[in-house]
Amino acid sequence: MTVSYSVNKRTLPLIPLRGMHIFPGMVIHFDVGREKSINALEESMIKDSLIFLTAQKDANINDPELDDYYSFGVVCKVKQMLKMPGDNIRVLVEGLTRGRITEVLEDEADYIKVSIEEYIYIEDSLLIDDKTDAMMRVLKDSFEDYCTINTKIPDDAIISVNEIENPERLTDIIISYIFLKPGQKQDLLETLNPFERLEKLEMLISQEIKVIELEESISQRVRKQINQFQKEYYLKEQMKAIQKELGEDSDIISEVEEYFEKIRKAKMPKEAREKAEKEAERLIKINMSSPEAGVIRTYLDWLIDLPWNKSTKDNKDISFARKVLEEDHYGLEDVKERILEFLAVRQLNARMKSPIICLVGPPGVGKTSIAKSIARALDRKFIRMSLGGVRDEAEIRGHRRTYIGAIPGRIITNITKAKSNNPVFLFDEIDKLASDFRGDPASALLEVLDPEQNNTFTDHYLETSFDLSKVMFITTANTTSTIPRPLLDRMEIIEISGYTDEEKLEIGNRYLLPKQLEEHNLTNQQVRISENTLIGIIQKYTRESGVRSLERKIGSIIRKSAVRIIEQNLKSVTITQKNLEKYLGIPRFRYDAANIDDEVGVATGLAWTAVGGETLFIEVNLMNGEGKIQLTGQLGDVMKESAQAGLSYIRAHMEALGVDEEFYKKKDIHIHVPEGAIPKDGPSAGITMATAVVSALTDRSIRRDVAMTGEITLRGRVLPIGGVKEKVLAAKRAGIKKVILPKENEKDAAKLPTSIKKTMELVFVEKMDEVLSHALVKGD
């Protein structure tokens, strides 16, 4: 296609148009109100009625300068002027030709005068090729499609456009009918080549058709929804009328509407919302006197009351958390550090999943109370659920709604009461779960305590998933041996050992004594208990890993002091070591085991139990006989095998040990572990039993201030054992001065308190002969 333009230079007054464009061939009217524009219009009318119109870049500018309007515009003929109220003039103009500003000649107070290049289309130069003809046909078809979906365009527009054979005029006429953005219009105005203009306009029309079709699709969907709502409203009104005629309760509709409003406000997930809405719709259809209506109401109340989207804001201040934990508990450094680590990482990654911690330790060491402190430090709600004796799976997962009186499980129930979906949730005594024909609660907890699964925890009653991933689960146990392995694998184990006497003294002074005084409404001026008195209570009246018994003894002293204060009208009572027996009676325990005479065939061992460490006295007697061995004290199979291994070691080293080589033929050996009513098992008493037998066979005394623990092999090697801290603390409580431990347990001893290491001698051995050299009295 070829086309020619003649360029005509002329000087014209300028009016910048606000928010509109004009093209050649268009006839439009607009209002003029700015003084410069009115002056430019009057100047135009004095001469040849020609004026140059161009669009402003920003319609909000009242006094535009050169950079505020486009250089390309249209030379127009003023057809009519009409004075309007308010000093405005309405102008009717016709677009003639395109033009471009080359120079602003005057921009003074009167009006803007510009020098332009006017591009005059030469019709005789037009040669339309096949490509241009095809493009014009495509544009006309697109415009026809546009008119079909845009009902605002008059019907005769298609006829008039189809009659145009000039591509120059075709584009300018079509532009006047379609909606385009100002930037798109300006681009078409500045495109002088008719074929390029055809291409650009075709692309813009196609885009606009897609937008209009999308708008129509959205509009139809909205209308359909509105029609559906209107239909539902009409049917509900009809149902109200029918129920009124039948004499049924007309309040049911308003009740259901109230349920729908509550469901909307609860901000449930899509699955739960759809379930709730379905049940609410069922409520309309059933007789309100039927039991099913009550079941549905209860179910909806549970769903609505759940804190689906209600969380408490975490206090991420690490210094505050450290202060709270230190205020509430003495020691427990591993637990405190883990919580501070969680807070630090939470500040870096707010979406981090909460840890699932299992606190394992003897009773009374503060496992439950530290969980409360964690909740206070994080500023979260606290929930405690005791699992001791729980044997019904429905306690965890709830009952199905098919049962009369069904309710959700205790997890969902407690979270509903807390009104928060991110509490600190304590499962107390998880090691005491049981199972029977009603199910296995431990298996139900596998989903709850798995961070990868608990975001879709499904209670049997709710029948929809609830997100537990924001909950911080903490469990407590006295031992891990009774916890199923798959459940134990899901938890982060933090072991809490028993307290030393020094730690108990600090706890008693800082926490227990002030707590008991406050509970009895007394002050430390009315009841005075010195540190030495507390030490006496700890050593003579308690023997435990925790501090529960110590707290009870302090409470007993304060109650007896209160009696004396009231009866004798005393201002204060002082408890000392000398008058302690008046309050607590005769001491129950002695800590001078080391002062008892050394004996032959009696060794002191150390044992671990779920309530802490214990000392274990092993006695051996020799009797004339045939080499039989007798084991008593309710010993388990492993402990019996340890005794047999010890005897085999002794027989293999009789000469080195100084033992009669015929003892296994002439002597019967009886090994007894006192407190026979208590079952005992494990390999850690191996070296203790072997030492007691060697002592009896060689008639050498064993030092009573020495205790030992370790497994023995047939070759006399001493193998490592568990529960080192608990066992050493038990030895400390019993007044032992020296403890023999396996060499491989030296790393565990590093965790012992400094006070223990300073006051006790810890000996680490690898062979049985080292044990004997430390345990047997020299020179016997």
# chains A, B, ... in the order shown; residues from 1 in each chain; ligands from 1
>>> closest_atom_pairs(of="range 297-349 of chain A", to="range 360-377 of chain A", cutoff="10 Å", atoms="only C-alpha atoms", output="CSV")
residue,atom,partner,partner_atom,distance
A:Asp314,CA,A:Ala377,CA,8.9
A:Asn315,CA,A:Ala377,CA,7.2
A:Lys316,CA,A:Ala377,CA,8.7
A:Asp317,CA,A:Ala377,CA,8.7
A:Ile318,CA,A:Ala377,CA,8.8
A:Ser319,CA,A:Ala377,CA,9.8
A:Phe320,CA,A:Ala377,CA,7.0
A:Ala321,CA,A:Ala377,CA,4.6
A:Arg322,CA,A:Ala377,CA,7.8
A:Lys323,CA,A:Ala377,CA,8.4
A:Val324,CA,A:Ala377,CA,5.8
A:Leu325,CA,A:Ser373,CA,6.1
A:Glu326,CA,A:Ser373,CA,9.4
A:Glu327,CA,A:Ser373,CA,9.1
A:Asp328,CA,A:Ser373,CA,6.7
A:His329,CA,A:Ile370,CA,7.0
A:Tyr330,CA,A:Gly366,CA,9.4
A:Gly331,CA,A:Val365,CA,9.8
A:Leu332,CA,A:Gly366,CA,8.4
A:Val335,CA,A:Ile370,CA,8.3
A:Lys336,CA,A:Ile374,CA,8.5
A:Ile339,CA,A:Ile374,CA,7.4
A:Leu340,CA,A:Ala377,CA,9.7
A:Leu343,CA,A:Ala377,CA,9.9
>>> residues_around(residues="Leu647 in chain A", least_positions_apart="3", cutoff="8 Å", atoms="only C-alpha atoms", output="list in words")
Ala643, Gln644, Ile650, Arg651, Ala690 and Val693 of chain A
>>> write_last_selection(atoms="N, CA and C atoms", output="PDB file, in the first residue's frame")
ATOM      1  N   ALA A 643      24.429 -62.195  87.407  1.00  0.00           N
ATOM      2  CA  ALA A 643      25.052 -62.938  88.519  1.00  0.00           C
ATOM      3  C   ALA A 643      25.814 -64.152  87.997  1.00  0.00           C
ATOM      4  N   GLN A 644      25.251 -64.876  87.041  1.00  0.00           N
ATOM      5  CA  GLN A 644      25.915 -66.046  86.451  1.00  0.00           C
ATOM      6  C   GLN A 644      27.182 -65.629  85.723  1.00  0.00           C
ATOM      7  N   ILE A 650      34.652 -65.161  88.002  1.00  0.00           N
ATOM      8  CA  ILE A 650      35.409 -65.529  89.220  1.00  0.00           C
ATOM      9  C   ILE A 650      36.054 -66.899  89.058  1.00  0.00           C
ATOM     10  N   ARG A 651      35.315 -67.866  88.521  1.00  0.00           N
ATOM     11  CA  ARG A 651      35.879 -69.211  88.339  1.00  0.00           C
ATOM     12  C   ARG A 651      37.024 -69.202  87.342  1.00  0.00           C
ATOM     13  N   ALA A 690      29.279 -59.398  91.624  1.00  0.00           N
ATOM     14  CA  ALA A 690      30.578 -60.074  91.514  1.00  0.00           C
ATOM     15  C   ALA A 690      31.488 -59.662  92.674  1.00  0.00           C
ATOM     16  N   VAL A 693      30.409 -61.448  95.861  1.00  0.00           N
ATOM     17  CA  VAL A 693      30.795 -62.873  95.857  1.00  0.00           C
ATOM     18  C   VAL A 693      32.289 -63.023  96.110  1.00  0.00           C
TER      19      VAL A 693
END
>>> closest_residue(among="A:Ala442, A:Leu657, A:Ile226, A:Val527", to="Arg485 in chain A", atoms="only C-alpha atoms")
A:Ala442
>>> residues_around(residues="Gln526 in chain A", least_positions_apart="3", cutoff="7 Å", atoms="only C-alpha atoms", output="PyMOL selection string")
chain A and resi 522-523+571-573
>>> select_by_dssp(residues="range 370-418 of chain A", states="alpha helix (DSSP H)", output="JSON, numbers by chain")
{"A": [370, 371, 372, 373, 374, 375, 376, 377, 378, 394, 395, 396, 397, 410, 411, 412, 413, 414, 415, 416, 417, 418]}
>>> closest_residue(among="A:Pro307, A:Gly33, A:Gly627, A:Pro194", to="Pro85 in chain A", atoms="only C-alpha atoms")
A:Gly33
>>> residues_around(residues="Leu534 in chain A", least_positions_apart="2", cutoff="9 Å", atoms="only C-alpha atoms", output="PyMOL selection string")
chain A and resi 504-505+508-509+529-532+536-539+550+554+576-577
>>> residues_around(residues="range 157-173 of chain A", least_positions_apart="3", cutoff="7 Å", atoms="only C-alpha atoms", output="PyMOL selection string")
chain A and resi 23-25+136+140+144+154+176+194+198
>>> closest_atom_pairs(of="range 113-226 of chain A", to="range 55-77 of chain A", cutoff="8 Å", atoms="only C-alpha atoms", output="Markdown table")
| residue | atom | partner | partner_atom | distance |
| --- | --- | --- | --- | --- |
| A:Glu118 | CA | A:Val75 | CA | 7.5 |
| A:Gln186 | CA | A:Phe72 | CA | 7.9 |
| A:Leu189 | CA | A:Phe72 | CA | 7.3 |
| A:Glu190 | CA | A:Phe72 | CA | 6.3 |
>>> select_by_dssp(residues="range 561-610 of chain A", states="strand (DSSP E)", output="number ranges by chain")
A: 573-575, 599-600, 602-609
>>> write_last_selection(atoms="C-alpha atoms", output="PDB file, in the first residue's frame")
ATOM      1  CA  VAL A 573       8.150 -19.026 116.026  1.00  0.00           C
ATOM      2  CA  THR A 574      11.697 -20.063 115.140  1.00  0.00           C
ATOM      3  CA  ILE A 575      12.478 -23.613 113.982  1.00  0.00           C
ATOM      4  CA  GLU A 599      31.288 -56.136 106.162  1.00  0.00           C
ATOM      5  CA  VAL A 600      32.235 -59.253 104.251  1.00  0.00           C
ATOM      6  CA  VAL A 602      27.761 -56.983 101.528  1.00  0.00           C
ATOM      7  CA  ALA A 603      28.215 -54.534  98.611  1.00  0.00           C
ATOM      8  CA  THR A 604      26.406 -51.275  97.866  1.00  0.00           C
ATOM      9  CA  GLY A 605      24.995 -50.996  94.362  1.00  0.00           C
ATOM     10  CA  LEU A 606      23.071 -48.253  92.587  1.00  0.00           C
ATOM     11  CA  ALA A 607      19.804 -48.641  90.706  1.00  0.00           C
ATOM     12  CA  TRP A 608      17.643 -46.430  88.504  1.00  0.00           C
ATOM     13  CA  THR A 609      13.857 -46.302  88.952  1.00  0.00           C
TER      14      THR A 609
END
>>> closest_residue(among="A:Thr11, A:Ser386, A:Ser420, A:Thr615", to="Ala731 in chain A", atoms="only C-alpha atoms")
A:Thr615
>>> residues_around(residues="Ile296 in chain A", least_positions_apart="4", cutoff="12 Å", atoms="only C-alpha atoms", output="list in words")
Val256, Tyr259, Lys275, Ala276, Glu277, Lys278, Glu279, Ala280, Glu281, Arg282, Leu283, Ile284, Lys285, Ile286, Asn287, Met288, Ser290, Pro291, Glu292, Leu300, Asp301, Trp302, Leu303, Arg401, Thr402, Gly405, Ala406, Tyr461 and Leu462 of chain A
>>> write_last_selection(atoms="N, CA, C and O atoms", output="tab-separated table (two decimals), in the first residue's frame")
chain	number	residue	atom	x	y	z
A	256	VAL	N	-32.23	-20.70	62.12
A	256	VAL	CA	-31.31	-21.18	61.10
A	256	VAL	C	-30.53	-20.01	60.49
A	256	VAL	O	-29.32	-20.12	60.25
A	259	TYR	N	-27.86	-19.19	62.76
A	259	TYR	CA	-26.76	-20.15	62.63
A	259	TYR	C	-25.89	-19.82	61.41
A	259	TYR	O	-24.65	-19.87	61.49
A	275	LYS	N	-19.82	-28.21	55.67
A	275	LYS	CA	-20.42	-29.20	56.55
A	275	LYS	C	-21.44	-28.53	57.48
A	275	LYS	O	-22.55	-29.03	57.67
A	276	ALA	N	-21.05	-27.38	58.07
A	276	ALA	CA	-21.94	-26.67	58.98
A	276	ALA	C	-23.19	-26.17	58.25
A	276	ALA	O	-24.32	-26.28	58.76
A	277	GLU	N	-23.01	-25.61	57.07
A	277	GLU	CA	-24.15	-25.09	56.31
A	277	GLU	C	-25.11	-26.21	55.91
A	277	GLU	O	-26.33	-26.04	55.92
A	278	LYS	N	-24.55	-27.36	55.58
A	278	LYS	CA	-25.39	-28.51	55.21
A	278	LYS	C	-26.24	-28.95	56.39
A	278	LYS	O	-27.44	-29.24	56.25
A	279	GLU	N	-25.63	-28.99	57.58
A	279	GLU	CA	-26.38	-29.39	58.77
A	279	GLU	C	-27.43	-28.34	59.12
A	279	GLU	O	-28.53	-28.68	59.57
A	280	ALA	N	-27.10	-27.06	58.94
A	280	ALA	CA	-28.07	-25.99	59.22
A	280	ALA	C	-29.27	-26.10	58.29
A	280	ALA	O	-30.42	-25.87	58.70
A	281	GLU	N	-29.03	-26.44	57.03
A	281	GLU	CA	-30.13	-26.62	56.08
A	281	GLU	C	-31.00	-27.81	56.46
A	281	GLU	O	-32.23	-27.80	56.29
A	282	ARG	N	-30.38	-28.86	57.01
A	282	ARG	CA	-31.15	-30.03	57.46
A	282	ARG	C	-32.09	-29.66	58.59
A	282	ARG	O	-33.17	-30.24	58.74
A	283	LEU	N	-31.67	-28.69	59.40
A	283	LEU	CA	-32.45	-28.30	60.57
A	283	LEU	C	-33.82	-27.76	60.15
A	283	LEU	O	-34.80	-27.89	60.88
A	284	ILE	N	-33.88	-27.13	58.95
A	284	ILE	CA	-35.15	-26.58	58.48
A	284	ILE	C	-36.13	-27.70	58.11
A	284	ILE	O	-37.33	-27.58	58.32
A	285	LYS	N	-35.58	-28.79	57.61
A	285	LYS	CA	-36.42	-29.83	57.00
A	285	LYS	C	-36.98	-30.84	58.00
A	285	LYS	O	-37.84	-31.63	57.65
A	286	ILE	N	-36.45	-30.87	59.22
A	286	ILE	CA	-36.89	-31.90	60.16
A	286	ILE	C	-37.81	-31.30	61.21
A	286	ILE	O	-37.82	-30.09	61.45
A	287	ASN	N	-38.58	-32.16	61.84
A	287	ASN	CA	-39.48	-31.73	62.92
A	287	ASN	C	-38.67	-31.31	64.12
A	287	ASN	O	-37.79	-32.03	64.59
A	288	MET	N	-38.97	-30.11	64.66
A	288	MET	CA	-38.16	-29.57	65.73
A	288	MET	C	-38.31	-30.34	67.04
A	288	MET	O	-37.51	-30.19	67.95
A	290	SER	N	-38.16	-33.58	67.17
A	290	SER	CA	-37.44	-34.85	67.06
A	290	SER	C	-36.07	-34.75	67.74
A	290	SER	O	-35.48	-33.66	67.81
A	291	PRO	N	-35.55	-35.88	68.26
A	291	PRO	CA	-34.22	-35.86	68.90
A	291	PRO	C	-33.12	-35.41	67.95
A	291	PRO	O	-32.12	-34.84	68.37
A	292	GLU	N	-33.30	-35.68	66.64
A	292	GLU	CA	-32.27	-35.33	65.66
A	292	GLU	C	-32.02	-33.82	65.63
A	292	GLU	O	-30.89	-33.36	65.40
A	300	LEU	N	-23.73	-28.10	65.66
A	300	LEU	CA	-23.44	-26.76	65.12
A	300	LEU	C	-22.82	-25.86	66.18
A	300	LEU	O	-21.91	-25.08	65.89
A	301	ASP	N	-23.29	-25.97	67.42
A	301	ASP	CA	-22.71	-25.16	68.50
A	301	ASP	C	-21.24	-25.49	68.69
A	301	ASP	O	-20.41	-24.59	68.90
A	302	TRP	N	-20.89	-26.78	68.62
A	302	TRP	CA	-19.47	-27.17	68.75
A	302	TRP	C	-18.63	-26.59	67.61
A	302	TRP	O	-17.54	-26.06	67.83
A	303	LEU	N	-19.14	-26.71	66.39
A	303	LEU	CA	-18.39	-26.20	65.23
A	303	LEU	C	-18.19	-24.69	65.32
A	303	LEU	O	-17.11	-24.17	65.03
A	401	ARG	N	-21.14	-39.37	66.00
A	401	ARG	CA	-22.44	-38.78	66.31
A	401	ARG	C	-23.58	-39.78	66.29
A	401	ARG	O	-24.71	-39.45	66.66
A	402	THR	N	-23.30	-40.99	65.86
A	402	THR	CA	-24.36	-42.02	65.86
A	402	THR	C	-24.74	-42.43	67.27
A	402	THR	O	-25.81	-42.98	67.49
A	405	GLY	N	-25.65	-38.89	73.12
A	405	GLY	CA	-24.80	-38.17	74.05
A	405	GLY	C	-23.35	-38.06	73.60
A	405	GLY	O	-22.47	-37.80	74.42
A	406	ALA	N	-23.10	-38.24	72.31
A	406	ALA	CA	-21.73	-38.15	71.80
A	406	ALA	C	-21.20	-36.73	71.93
A	406	ALA	O	-21.93	-35.75	71.78
A	461	TYR	N	-16.24	-36.90	66.20
A	461	TYR	CA	-17.52	-36.19	66.37
A	461	TYR	C	-17.66	-35.09	65.31
A	461	TYR	O	-18.72	-34.94	64.70
A	462	LEU	N	-16.61	-34.32	65.09
A	462	LEU	CA	-16.69	-33.20	64.15
A	462	LEU	C	-16.80	-33.67	62.70
A	462	LEU	O	-17.43	-33.02	61.88
>>> closest_residue(among="A:Ile116, A:Met20, A:Glu626, A:Arg90", to="Phe52 in chain A", atoms="only C-alpha atoms")
A:Ile116
>>> residues_around(residues="Ser142 in chain A", least_positions_apart="3", cutoff="8 Å", atoms="only C-alpha atoms", output="list in words")
Val138, Leu139, Asp145, Tyr146, Glu202, Ile205 and Ser206 of chain A
>>> write_last_selection(atoms="all heavy atoms", output="short mmCIF file (atom, residue, chain, number, x, y, z; two decimals), in the first residue's frame")
data_model
loop_
_atom_site.label_atom_id
_atom_site.label_comp_id
_atom_site.auth_asym_id
_atom_site.auth_seq_id
_atom_site.Cartn_x
_atom_site.Cartn_y
_atom_site.Cartn_z
N VAL A 138 -10.77 -7.58 7.70
CA VAL A 138 -10.65 -8.15 9.06
C VAL A 138 -11.08 -7.13 10.10
O VAL A 138 -11.80 -7.45 11.06
CB VAL A 138 -9.19 -8.60 9.33
CG1 VAL A 138 -8.99 -8.96 10.80
CG2 VAL A 138 -8.83 -9.78 8.44
N LEU A 139 -10.69 -5.86 9.90
CA LEU A 139 -11.04 -4.81 10.85
C LEU A 139 -12.55 -4.59 10.87
O LEU A 139 -13.15 -4.43 11.94
CB LEU A 139 -10.31 -3.51 10.49
CG LEU A 139 -10.57 -2.31 11.41
CD1 LEU A 139 -10.16 -2.63 12.85
CD2 LEU A 139 -9.80 -1.09 10.91
N ASP A 145 -18.25 -7.65 15.16
CA ASP A 145 -18.32 -8.48 16.37
C ASP A 145 -18.40 -7.61 17.62
O ASP A 145 -19.14 -7.91 18.57
CB ASP A 145 -17.09 -9.39 16.47
CG ASP A 145 -17.06 -10.43 15.36
OD1 ASP A 145 -18.13 -10.71 14.80
OD2 ASP A 145 -15.95 -10.96 15.07
N TYR A 146 -17.63 -6.53 17.60
CA TYR A 146 -17.62 -5.61 18.75
C TYR A 146 -19.01 -4.99 18.93
O TYR A 146 -19.50 -4.88 20.06
CB TYR A 146 -16.57 -4.53 18.51
CG TYR A 146 -16.45 -3.51 19.63
CD1 TYR A 146 -15.65 -3.77 20.75
CD2 TYR A 146 -17.13 -2.30 19.57
CE1 TYR A 146 -15.55 -2.84 21.77
CE2 TYR A 146 -17.02 -1.36 20.58
CZ TYR A 146 -16.23 -1.63 21.69
OH TYR A 146 -16.13 -0.72 22.70
N GLU A 202 -6.91 -3.13 14.87
CA GLU A 202 -7.45 -4.49 14.88
C GLU A 202 -7.05 -5.22 16.17
O GLU A 202 -7.87 -5.90 16.80
CB GLU A 202 -6.93 -5.24 13.64
CG GLU A 202 -6.93 -6.77 13.74
CD GLU A 202 -8.31 -7.35 13.98
OE1 GLU A 202 -9.32 -6.68 13.67
OE2 GLU A 202 -8.37 -8.47 14.52
N ILE A 205 -9.08 -3.77 19.10
CA ILE A 205 -10.48 -4.20 19.09
C ILE A 205 -10.59 -5.64 19.57
O ILE A 205 -11.49 -5.99 20.35
CB ILE A 205 -11.09 -4.03 17.68
CG1 ILE A 205 -11.26 -2.55 17.34
CG2 ILE A 205 -12.45 -4.74 17.59
CD1 ILE A 205 -11.82 -2.30 15.96
N SER A 206 -9.67 -6.51 19.12
CA SER A 206 -9.70 -7.92 19.56
C SER A 206 -9.54 -8.02 21.07
O SER A 206 -10.24 -8.81 21.74
CB SER A 206 -8.58 -8.69 18.86
OG SER A 206 -8.75 -8.67 17.46
#
